[in-house]
Each structure stands twice: as C-alpha cells, then as structure tokens.
$ cat coords.txt   # compact mmCIF, C-alpha atoms
# COMPACT_ATOMS: atom_id res chain seq x y z
CA MET A 1 106.22 111.30 66.42
CA ASP A 2 103.14 109.70 67.93
CA THR A 3 100.80 111.60 70.22
CA THR A 4 102.17 110.04 73.40
CA SER A 5 105.79 110.85 72.51
CA GLY A 6 104.78 114.37 71.57
CA THR A 7 103.07 114.86 74.91
CA LEU A 8 106.18 113.76 76.78
CA ASP A 9 108.49 116.06 74.87
CA GLU A 10 106.10 119.00 75.17
CA ALA A 11 105.83 118.42 78.92
CA LEU A 12 109.59 118.22 79.37
CA GLU A 13 110.12 121.41 77.40
CA ARG A 14 107.59 123.18 79.62
CA LEU A 15 109.33 121.92 82.73
CA HIS A 16 112.82 122.82 81.56
CA ALA A 17 111.87 126.47 81.85
CA THR A 18 111.41 125.96 85.58
CA GLY A 19 113.91 125.34 88.35
CA PRO A 20 114.50 121.97 90.02
CA GLU A 21 113.23 123.28 93.36
CA PHE A 22 110.62 125.69 94.72
CA ASP A 23 109.60 127.23 98.03
CA GLY A 24 113.20 127.18 99.14
CA PHE A 25 114.00 123.47 98.99
CA LEU A 26 111.06 121.41 97.70
CA SER A 27 111.92 119.29 94.67
CA ASN A 28 110.23 119.76 91.32
CA HIS A 29 108.60 116.38 90.69
CA GLY A 30 107.15 117.35 87.32
CA PRO A 31 109.54 115.45 85.00
CA MET A 32 109.25 112.26 87.05
CA ALA A 33 105.48 112.36 87.40
CA VAL A 34 104.70 113.13 83.76
CA GLU A 35 107.01 110.34 82.59
CA ALA A 36 105.16 107.89 84.83
CA LEU A 37 101.72 109.18 83.81
CA ILE A 38 102.50 108.80 80.11
CA ARG A 39 104.11 105.40 80.55
CA HIS A 40 100.98 104.06 82.22
CA GLY A 41 98.40 105.28 79.75
CA GLN A 42 97.52 108.65 81.28
CA ALA A 43 98.96 110.93 78.58
CA ARG A 44 95.61 112.68 78.22
CA THR A 45 95.89 113.94 81.81
CA VAL A 46 99.44 115.29 81.60
CA HIS A 47 98.94 118.87 80.48
CA ARG A 48 96.01 119.35 82.84
CA TRP A 49 98.16 117.97 85.67
CA LEU A 50 100.99 120.30 84.64
CA ASP A 51 98.71 123.33 84.41
CA ASP A 52 97.99 122.87 88.11
CA TYR A 53 101.46 121.78 89.21
CA THR A 54 103.42 124.51 87.45
CA THR A 55 101.54 127.20 89.39
CA ARG A 56 103.73 126.14 92.33
CA LEU A 57 107.04 126.14 90.45
CA GLU A 58 109.64 128.87 90.05
CA ASP A 59 111.83 129.99 87.18
CA ALA A 60 115.28 128.48 86.92
CA PRO A 61 117.78 130.38 89.09
CA THR A 62 120.16 132.84 87.44
CA ALA A 63 123.47 131.38 86.29
CA ARG A 64 126.53 132.46 88.24
CA ALA A 65 129.67 131.38 86.35
CA PRO A 66 130.33 128.70 83.73
CA LEU A 67 131.59 125.33 84.90
CA THR A 68 134.35 123.55 83.03
CA ASP A 69 136.24 120.27 83.17
CA ALA A 70 138.84 122.10 85.23
CA ASN A 71 136.65 123.70 87.91
CA TRP A 72 133.51 121.59 88.37
CA GLN A 73 134.71 120.03 91.63
CA GLU A 74 134.56 123.38 93.41
CA ALA A 75 130.81 123.57 92.70
CA LEU A 76 129.91 119.99 93.66
CA GLY A 77 127.15 120.07 96.27
CA ASP A 78 126.49 123.79 95.87
CA PRO A 79 122.76 124.29 95.17
CA ARG A 80 123.38 127.94 94.27
CA ARG A 81 125.19 126.69 91.17
CA VAL A 82 122.39 124.48 89.88
CA THR A 83 121.89 126.48 86.67
CA ASP A 84 125.64 126.43 86.07
CA TRP A 85 125.52 122.65 86.47
CA THR A 86 122.60 122.31 84.07
CA GLY A 87 124.44 124.34 81.46
CA TYR A 88 127.64 122.33 81.90
CA LEU A 89 125.89 118.95 81.62
CA THR A 90 123.78 120.18 78.69
CA ARG A 91 126.97 121.02 76.81
CA GLN A 92 128.36 117.60 77.62
CA VAL A 93 125.38 115.67 76.23
CA ALA A 94 125.52 117.88 73.11
CA GLU A 95 129.16 116.95 72.53
CA ARG A 96 129.18 113.26 73.52
CA PRO A 97 126.74 110.32 73.49
CA TRP A 98 124.50 110.47 76.53
CA ARG A 99 125.57 107.01 77.70
CA GLU A 100 129.19 108.16 77.87
CA VAL A 101 128.21 111.22 79.89
CA LEU A 102 126.14 109.07 82.24
CA ALA A 103 128.98 106.54 82.70
CA THR A 104 131.34 109.40 83.57
CA TRP A 105 129.08 111.15 86.04
CA TRP A 106 127.28 108.24 87.70
CA PRO A 107 130.28 107.12 89.80
CA ARG A 108 131.17 110.74 90.60
CA LEU A 109 127.66 111.45 91.88
CA LEU A 110 126.81 108.10 93.48
CA PRO A 111 128.42 108.93 96.86
CA GLY A 112 126.02 111.90 97.04
CA ILE A 113 122.89 109.84 96.48
CA ALA A 114 121.26 111.31 99.61
CA GLY A 115 121.20 114.82 98.16
CA ALA A 116 117.75 116.47 98.20
CA ALA A 117 116.29 113.37 99.89
CA THR A 118 117.31 111.23 96.83
CA HIS A 119 115.08 113.18 94.41
CA PRO A 120 117.91 113.83 91.91
CA VAL A 121 118.84 110.16 91.45
CA ILE A 122 115.15 109.32 91.08
CA ARG A 123 114.86 111.96 88.36
CA VAL A 124 117.90 110.45 86.61
CA GLY A 125 116.25 107.02 86.74
CA HIS A 126 113.11 108.29 85.02
CA ALA A 127 115.19 110.07 82.37
CA VAL A 128 117.28 106.99 81.62
CA ARG A 129 114.24 104.73 81.40
CA THR A 130 112.75 107.06 78.80
CA LEU A 131 115.95 107.17 76.75
CA LEU A 132 116.35 103.39 76.81
CA GLU A 133 112.76 102.50 76.04
CA GLN A 134 111.12 105.43 74.26
CA GLY A 135 113.81 107.00 72.08
CA GLU A 136 116.48 109.67 72.21
CA GLU A 137 114.67 112.84 71.18
CA ALA A 138 116.34 116.11 72.17
CA PRO A 139 114.03 117.00 75.12
CA ARG A 140 114.73 113.59 76.68
CA ILE A 141 118.49 113.99 76.42
CA ALA A 142 118.09 117.50 77.83
CA GLU A 143 116.14 116.01 80.74
CA LEU A 144 119.06 113.74 81.57
CA ALA A 145 121.34 116.80 81.68
CA HIS A 146 118.89 118.62 83.97
CA ALA A 147 118.63 115.59 86.26
CA LEU A 148 122.39 115.06 86.49
CA GLY A 149 122.93 118.77 87.02
CA TYR A 150 120.43 118.81 89.88
CA TRP A 151 122.17 115.82 91.46
CA ALA A 152 125.56 117.49 91.20
CA ALA A 153 124.24 120.69 92.77
CA ARG A 154 122.60 118.81 95.66
CA HIS A 155 125.35 116.17 96.03
CA THR A 156 125.32 115.20 99.73
CA THR A 157 127.18 112.30 101.29
CA LEU A 158 125.58 110.32 104.08
CA PRO A 159 127.23 110.34 107.52
CA VAL A 160 127.41 106.53 107.31
CA SER A 161 128.10 103.94 104.63
CA ALA A 162 126.86 100.40 104.28
CA ARG A 163 128.70 98.03 101.98
CA PRO A 164 126.77 94.74 101.72
CA SER A 165 128.95 92.07 103.28
CA GLY A 166 126.55 89.77 105.11
CA THR A 167 124.07 87.03 104.31
CA LEU A 168 120.59 88.56 104.68
CA ALA A 169 118.06 89.06 101.90
CA PRO A 170 116.81 92.65 101.56
CA ASP A 171 113.47 92.09 103.29
CA ASP A 172 115.16 90.58 106.34
CA ALA A 173 117.90 93.22 106.30
CA LEU A 174 115.36 96.08 106.27
CA ALA A 175 113.41 94.48 109.11
CA ALA A 176 116.56 94.12 111.23
CA LEU A 177 117.62 97.77 111.04
CA PRO A 178 117.56 99.73 114.33
CA HIS A 179 115.57 102.95 114.41
CA VAL A 180 116.93 106.36 115.34
CA ALA A 181 115.87 107.82 118.68
CA ASP A 182 114.07 110.89 117.29
CA GLN A 183 111.98 110.16 114.21
CA ARG A 184 110.00 113.41 114.31
CA THR A 185 112.64 115.40 112.55
CA SER A 186 113.98 116.57 109.22
CA VAL A 187 115.83 114.30 106.83
CA VAL A 188 119.17 115.95 107.57
CA ALA A 189 118.71 115.76 111.34
CA GLY A 190 117.45 112.21 111.12
CA LEU A 191 120.40 111.02 109.04
CA ALA A 192 122.78 112.76 111.45
CA GLN A 193 121.59 110.38 114.20
CA LEU A 194 122.69 107.25 112.37
CA PRO A 195 126.34 107.16 113.49
CA ASP A 196 125.19 107.14 117.12
CA THR A 197 122.36 104.64 116.62
CA GLN A 198 123.43 101.46 118.39
CA GLY A 199 123.91 98.53 116.06
CA TRP A 200 123.37 100.46 112.84
CA PRO A 201 126.69 99.77 111.08
CA ALA A 202 126.48 96.02 111.68
CA ALA A 203 122.82 95.81 110.72
CA ALA A 204 123.37 97.85 107.55
CA ALA A 205 126.30 95.64 106.53
CA ALA A 206 124.22 92.48 106.96
CA LEU A 207 122.80 92.60 103.42
CA ARG A 208 124.04 89.72 101.31
CA ALA A 209 127.22 90.58 99.42
CA PRO A 210 126.94 90.18 95.63
CA ARG A 211 129.61 88.02 94.00
CA ASN A 212 129.23 89.49 90.51
CA PRO A 213 127.28 92.19 88.63
CA ASP A 214 124.32 89.92 87.95
CA GLU A 215 123.95 89.18 91.64
CA ALA A 216 124.14 92.90 92.36
CA ARG A 217 121.26 93.49 89.94
CA ALA A 218 119.26 90.67 91.53
CA GLN A 219 119.88 92.11 95.00
CA LEU A 220 118.82 95.57 93.84
CA THR A 221 115.64 94.12 92.35
CA ALA A 222 114.90 92.34 95.62
CA LEU A 223 115.55 95.55 97.56
CA VAL A 224 113.02 97.47 95.47
CA ARG A 225 110.46 94.73 96.05
CA ALA A 226 111.14 94.59 99.79
CA ALA A 227 110.96 98.36 100.30
CA THR A 228 107.76 98.58 98.26
CA HIS A 229 106.17 95.77 100.27
CA ARG A 230 107.31 97.34 103.53
CA TYR A 231 105.50 100.59 102.75
CA LEU A 232 102.17 98.77 103.06
CA ASP A 233 102.73 98.18 106.78
CA TYR A 234 105.08 100.99 107.79
CA GLY A 235 104.49 103.87 105.37
CA HIS A 236 102.76 105.88 108.09
CA GLY A 237 106.15 106.62 109.70
CA ASP A 238 106.52 109.29 107.03
CA ALA A 239 104.21 108.78 104.08
CA VAL A 240 106.32 110.90 101.71
CA LEU A 241 109.90 110.16 102.70
CA LEU A 242 109.43 106.38 102.94
CA VAL A 243 108.33 106.43 99.31
CA HIS A 244 111.99 107.13 98.53
CA ALA A 245 113.16 103.97 100.29
CA ALA A 246 111.66 102.15 97.30
CA THR A 247 111.88 104.68 94.46
CA ALA A 248 115.56 105.59 94.97
CA PRO A 249 116.84 102.00 94.58
CA ASN A 250 114.43 101.55 91.68
CA ALA A 251 116.03 104.57 89.99
CA ALA A 252 119.41 102.85 90.29
CA LEU A 253 117.91 99.61 88.97
CA ARG A 254 116.45 101.39 85.95
CA THR A 255 119.83 102.93 85.20
CA LEU A 256 121.90 99.73 85.34
CA PRO A 257 121.30 98.71 81.68
CA ALA A 258 122.90 101.97 80.52
CA LEU A 259 125.95 101.60 82.80
CA PRO A 260 129.14 99.53 82.56
CA ARG A 261 128.72 96.33 84.54
CA GLU A 262 131.53 97.26 86.92
CA LEU A 263 129.27 100.02 88.27
CA TRP A 264 126.44 97.66 89.20
CA ALA A 265 127.78 96.58 92.61
CA PRO A 266 128.63 100.15 93.70
CA SER A 267 125.12 101.16 92.61
CA LEU A 268 123.64 98.49 94.87
CA ALA A 269 125.78 99.63 97.80
CA ALA A 270 124.77 103.28 97.43
CA ALA A 271 121.09 102.51 96.89
CA TRP A 272 121.04 100.13 99.85
CA THR A 273 122.68 102.72 102.10
CA ALA A 274 120.09 105.34 101.14
CA SER A 275 117.13 102.97 101.52
CA ALA A 276 118.41 101.59 104.81
CA ALA A 277 119.03 105.08 106.17
CA LEU A 278 115.52 106.29 105.34
CA THR A 279 114.07 103.10 106.82
CA SER A 280 115.94 103.60 110.10
CA VAL A 281 115.01 107.27 110.34
CA TYR A 282 111.30 106.98 109.57
CA SER A 283 109.99 103.42 110.02
CA PRO A 284 107.65 103.18 113.03
CA ASP A 285 107.85 100.31 115.47
CA GLU A 286 104.28 99.10 114.94
CA PRO A 287 102.65 98.21 111.61
CA LEU A 288 99.34 99.49 110.34
CA PRO A 289 96.26 97.25 110.28
CA THR A 290 95.87 95.13 107.17
CA LEU A 291 94.62 96.99 104.12
CA THR A 292 91.77 94.96 102.65
CA THR A 293 90.91 95.42 98.99
CA GLY A 294 89.01 93.61 96.32
CA PRO A 295 90.66 92.17 93.22
CA LEU A 296 93.20 94.60 91.78
CA THR A 297 94.69 95.20 88.36
CA PRO A 298 97.76 97.36 87.77
CA GLU A 299 95.81 99.54 85.35
CA GLU A 300 93.09 100.25 87.92
CA VAL A 301 95.61 101.06 90.64
CA PHE A 302 97.52 103.48 88.47
CA GLU A 303 94.30 105.13 87.34
CA ARG A 304 93.50 105.77 91.00
CA ALA A 305 96.98 107.26 91.53
CA ALA A 306 96.54 109.56 88.54
CA ALA A 307 93.18 110.71 89.89
CA HIS A 308 94.73 111.28 93.33
CA GLY A 309 97.31 113.49 91.63
CA ASP A 310 100.12 113.65 94.18
CA ALA A 311 103.54 113.19 92.57
CA HIS A 312 104.90 110.96 95.35
CA ALA A 313 101.89 108.68 95.16
CA ILE A 314 102.23 108.52 91.37
CA LYS A 315 105.92 107.62 91.65
CA LEU A 316 105.40 104.93 94.30
CA THR A 317 102.58 103.45 92.22
CA ASP A 318 104.87 103.46 89.19
CA THR A 319 107.45 101.48 91.19
CA ALA A 320 104.75 99.16 92.55
CA LEU A 321 103.70 98.37 88.99
CA ASP A 322 107.31 97.51 88.18
CA VAL A 323 107.35 95.11 91.13
CA ALA A 324 104.04 93.56 90.08
CA SER A 325 105.36 93.01 86.55
CA TRP A 326 108.29 90.94 87.84
CA ALA A 327 106.01 88.18 89.14
CA ALA A 328 104.32 85.80 86.73
CA ASP A 329 100.99 86.10 88.55
CA GLY A 330 101.37 89.73 89.64
CA ASP A 331 102.09 91.05 93.12
CA ASP A 332 99.01 92.00 95.13
CA ARG A 333 101.08 93.22 98.06
CA ALA A 334 102.92 95.74 95.86
CA LEU A 335 99.64 97.02 94.47
CA ARG A 336 98.18 97.37 97.96
CA SER A 337 101.28 99.37 98.94
CA ALA A 338 100.43 101.77 96.13
CA LEU A 339 96.88 102.09 97.44
CA ARG A 340 98.25 102.66 100.93
CA SER A 341 100.14 105.69 99.61
CA LEU A 342 96.89 107.13 98.29
CA GLU A 343 95.44 106.72 101.76
CA LEU A 344 98.40 108.24 103.60
CA ILE A 345 99.56 111.06 101.33
CA THR A 346 97.59 114.27 101.08
CA PRO A 347 97.56 115.55 97.47
CA GLY A 348 100.16 118.26 97.07
CA GLU A 349 102.09 117.21 100.18
CA ASP A 350 105.86 117.63 99.73
$ encode --input "coords.txt" --output "structure tokens"
Amino acid sequence: MDTTSGTLDEALERLHATGPEFDGFLSNHGPMAVEALIRHGQARTVHRWLDDYTTRLEDAPTARAPLTDANWQEALGDPRRVTDWTGYLTRQVAERPWREVLATWWPRLLPGIAGAATHPVIRVGHAVRTLLEQGEEAPRIAELAHALGYWAARHTTLPVSARPSGTLAPDDALAALPHVADQRTSVVAGLAQLPDTQGWPAAAAALRAPRNPDEARAQLTALVRAATHRYLDYGHGDAVLLVHAATAPNAALRTLPALPRELWAPSLAAAWTASAALTSVYSPDEPLPTLTTGPLTPEEVFERAAAHGDAHAIKLTDTALDVASWAADGDDRALRSALRSLELITPGED
C-alpha cells in the first residue's frame, strides 16, 4: 500500500470510532474532507487536520437493538438507531459485494435524500468514488456501510417532489425557481414553505426530461456545473447550505457508474429536487459583485481551500475541480466559485 492509500485508510479507521453527528445534529464531515484532501495532493495535511477536527467529534452512539432484513423498515429515518444501522449495513457489505449492497439500498434511500441537509448522500458519493478509483480495501468498504447507515438513520422525504418533465437546461431552471418567503430560517422550516410557494411545482418540473440513462447523466453533470457556477453570485444567501446545492447532485453523479442504468434517471430526479429546494430556500434575490482574481490553476485553488481548512469549503472546491476538469480549457467560473466559498465561509462553521 502506498503512503497516500495508507493515509486514507488510517484516517477512515480513526473516524469510524466517532459518530456521524456531534453537538446534537451537526454532521461529521471528516470522511468526506479527508477523501478530498488526499485526492487533491494534500495527504500530508490529513492527520494534522484530523487532530484538530476530531476534538469536536463524539463517540458513536450506543447500539439499541439489531436490525434485520425483516425489521429494518421500522427504523428508517430514526437517528437514534444510527449505530444499529451501521452494524446492519456493515454485516451486509461483509456478506455481499459492495456494489450489490449499494444497488439494493440506493433506491430505498433516494426518496430521503434531504436527510441531514443531504450530508449522508454526499458521504456516500465520496465513499463510492474511492472504491471505484482507489481500490476496495476494508476501511473503504466499511466507510460505505457507515455512509449508507447514516443516510438510513436520517432518511427524510421532502414535502415536494420535482420530476423533470420540461425543456429547460439546469442553469435556466435554477434561475427560474421562486424563492420562499422567509429565508432566514432552518433547513426544515425552509423546506416546509415550498408547498405554499407560488409557482414552485411548475418551475421545479421545468427541467428538461431525460429520454434515456445517458441523457440523465448528462443532465446531472450540467446540474452540478450550474449549481457550482451559481454559488459564485448567490452563495451569500447561506454560504454553507448552498454548497449542498452543488455537492449533493455531484454525489449522485459520482455514484452513477456503480449503479444499474435504470437508476440513473431516478437519481437525477432526486438530486434535482434537493438542489432546487435548497436554491429556493436560500438563494438571495441580488447577486454579489464580481469576484476578480488573477490567473488560477486547480492545484492553487485547492491548496488555498486546504489552508482555509473548513470542510464545506474543501468539499465545494473538490466539486469545482470536477467541473473544471470537464472543460477542455478549464472552467474559471467554477474555480472562482471555490474561492468565493473561502471568502464567505468562516472556518469551522457548520
């Protein structure tokens, strides 16, 4: 095992001794952040970053009662059972190939994508990317079980749904969404306003309908790009929560290669609903002034994010680098969105 791989596995093993949340409801971003740091050449910073971050974390909650194939539905969406869920999913990935477990649980969990402000699906996306690209060592498979278990425990359906059935591209569809009346509120209270927000169902359905799985993947890619670009101008509505408008659909996009193709269109629909909902709840009416920078390279931008240290900024920068890699000549707007997050987010803000 090379040094980088060893650092990742050591970091995951450290984090698996902690719970998925702390201070009552804040999500443990450690597994997501360290995966991004290592991926982008910052492995040397990981244990120092963890030494600081883990001082805020808590031990995993005490298990309550084992979950089985016969009784798991009664615990879906119950955060008190998170350790039971982790144990159940850990047994599953020990008994079956991880791709089979993922293909079973992804459609079960997808309707609850909004749980814990989309942190669980984002954690799954980081875990799957590692397994697909970096190898299937035991701590990485364990991380997938932890991520799926967290999602199951925090499974929360949105009060609205938005199946793409229109003609708009994602950037136009995001721009056309109406905003909720009270944006100075919690995620749960903000989402609860959507059913009564005039024009929301029609605007959310206006995204172009995919005709096949490949079009669904292309639409999801375009959604990630559009939400990342939008953060540059509108991230100040809520600097942390609007990160998820981009990183949640990117988590779904990263997971697609490990899923059956028939799950690609439902993944787009769920990711779009989550991204659209967060956009409506937190996007301000007026954009920020233009952010002027000199020439940028992805490596320099990520180095700045690592030095900044906030997990949300690291994750948005990680997604921005994905977006930049999709364009032959890079994507300066995506990179400037990453820098905007460093400007807007206070290190350690959750």
$ atom_distance --input "coords.txt" --atom1 "atom CA of Asp9 of chain A" --atom2 "atom CA of Ala152 of chain A"
23.7 Å
$ closest_residue --input "coords.txt" --among "A:Leu174, A:Ala169, A:Ala328, A:Ala320" --to "Ala274 of chain A" --atoms "only C-alpha atoms"
A:Leu174
$ closest_atom_pairs --input "coords.txt" --of "segment 128-234 of chain A" --to "segment 295-317 of chain A" --cutoff "12 Å" --atoms "all atoms listed in the file" --output "Markdown table"
| residue | atom | partner | partner_atom | distance |
| --- | --- | --- | --- | --- |
| A:Val224 | CA | A:Leu316 | CA | 10.7 |
| A:Arg225 | CA | A:Leu316 | CA | 11.5 |
| A:Ala227 | CA | A:Leu316 | CA | 10.5 |
| A:Thr228 | CA | A:Leu316 | CA | 7.8 |
| A:His229 | CA | A:Leu316 | CA | 11.0 |
| A:Tyr231 | CA | A:Leu316 | CA | 9.5 |
| A:Leu232 | CA | A:Leu316 | CA | 11.2 |
$ closest_residue --input "coords.txt" --among "A:Pro120, A:Pro139, A:Pro159, A:Pro260" --to "Asn28 of chain A" --atoms "all atoms listed in the file"
A:Pro120
$ closest_residue --input "coords.txt" --among "A:Leu263, A:Val188, A:Ala226, A:Leu26" --to "Thr319 of chain A" --atoms "only C-alpha atoms"
A:Ala226
$ residues_around --input "coords.txt" --residues "segment 41-47 of chain A" --least-positions-apart "5" --cutoff "7 Å" --atoms "all atoms listed in the file" --output "list in words"
Thr4, Thr7 and Val34 of chain A
$ closest_residue --input "coords.txt" --among "A:Ala334, A:Ala222, A:Leu109, A:Leu132" --to "Leu321 of chain A" --atoms "only C-alpha atoms"
A:Ala334
$ atom_distance --input "coords.txt" --atom1 "atom CA of Arg184 of chain A" --atom2 "atom CA of Pro201 of chain A"
21.8 Å
$ residues_around --input "coords.txt" --residues "segment 10-22 of chain A" --least-positions-apart "3" --cutoff "10 Å" --atoms "all atoms listed in the file" --output "count of residues only"
41
$ closest_residue --input "coords.txt" --among "A:Trp85, A:Trp272, A:Tyr53, A:Trp264" --to "Val160 of chain A" --atoms "only C-alpha atoms"
A:Trp272
$ closest_residue --input "coords.txt" --among "A:Val124, A:Ile141, A:Leu288, A:Ala162" --to "Ala248 of chain A" --atoms "all atoms listed in the file"
A:Val124
$ atom_distance --input "coords.txt" --atom1 "atom CA of Leu191 of chain A" --atom2 "atom CA of Ser280 of chain A"
8.7 Å
$ residues_around --input "coords.txt" --residues "Leu194 of chain A" --least-positions-apart "5" --cutoff "12 Å" --atoms "all atoms listed in the file" --output "PyMOL selection string"
chain A and resi 158-162+177-183+187-189+199-204+273-274+276-282
$ residues_around --input "coords.txt" --residues "Ile345 of chain A" --least-positions-apart "2" --cutoff "9 Å" --atoms "all atoms listed in the file" --output "list in words"
Ala239, Val240, Asp310, His312, Ala313, Arg340, Ser341, Leu342, Glu343, Pro347, Gly348 and Glu349 of chain A
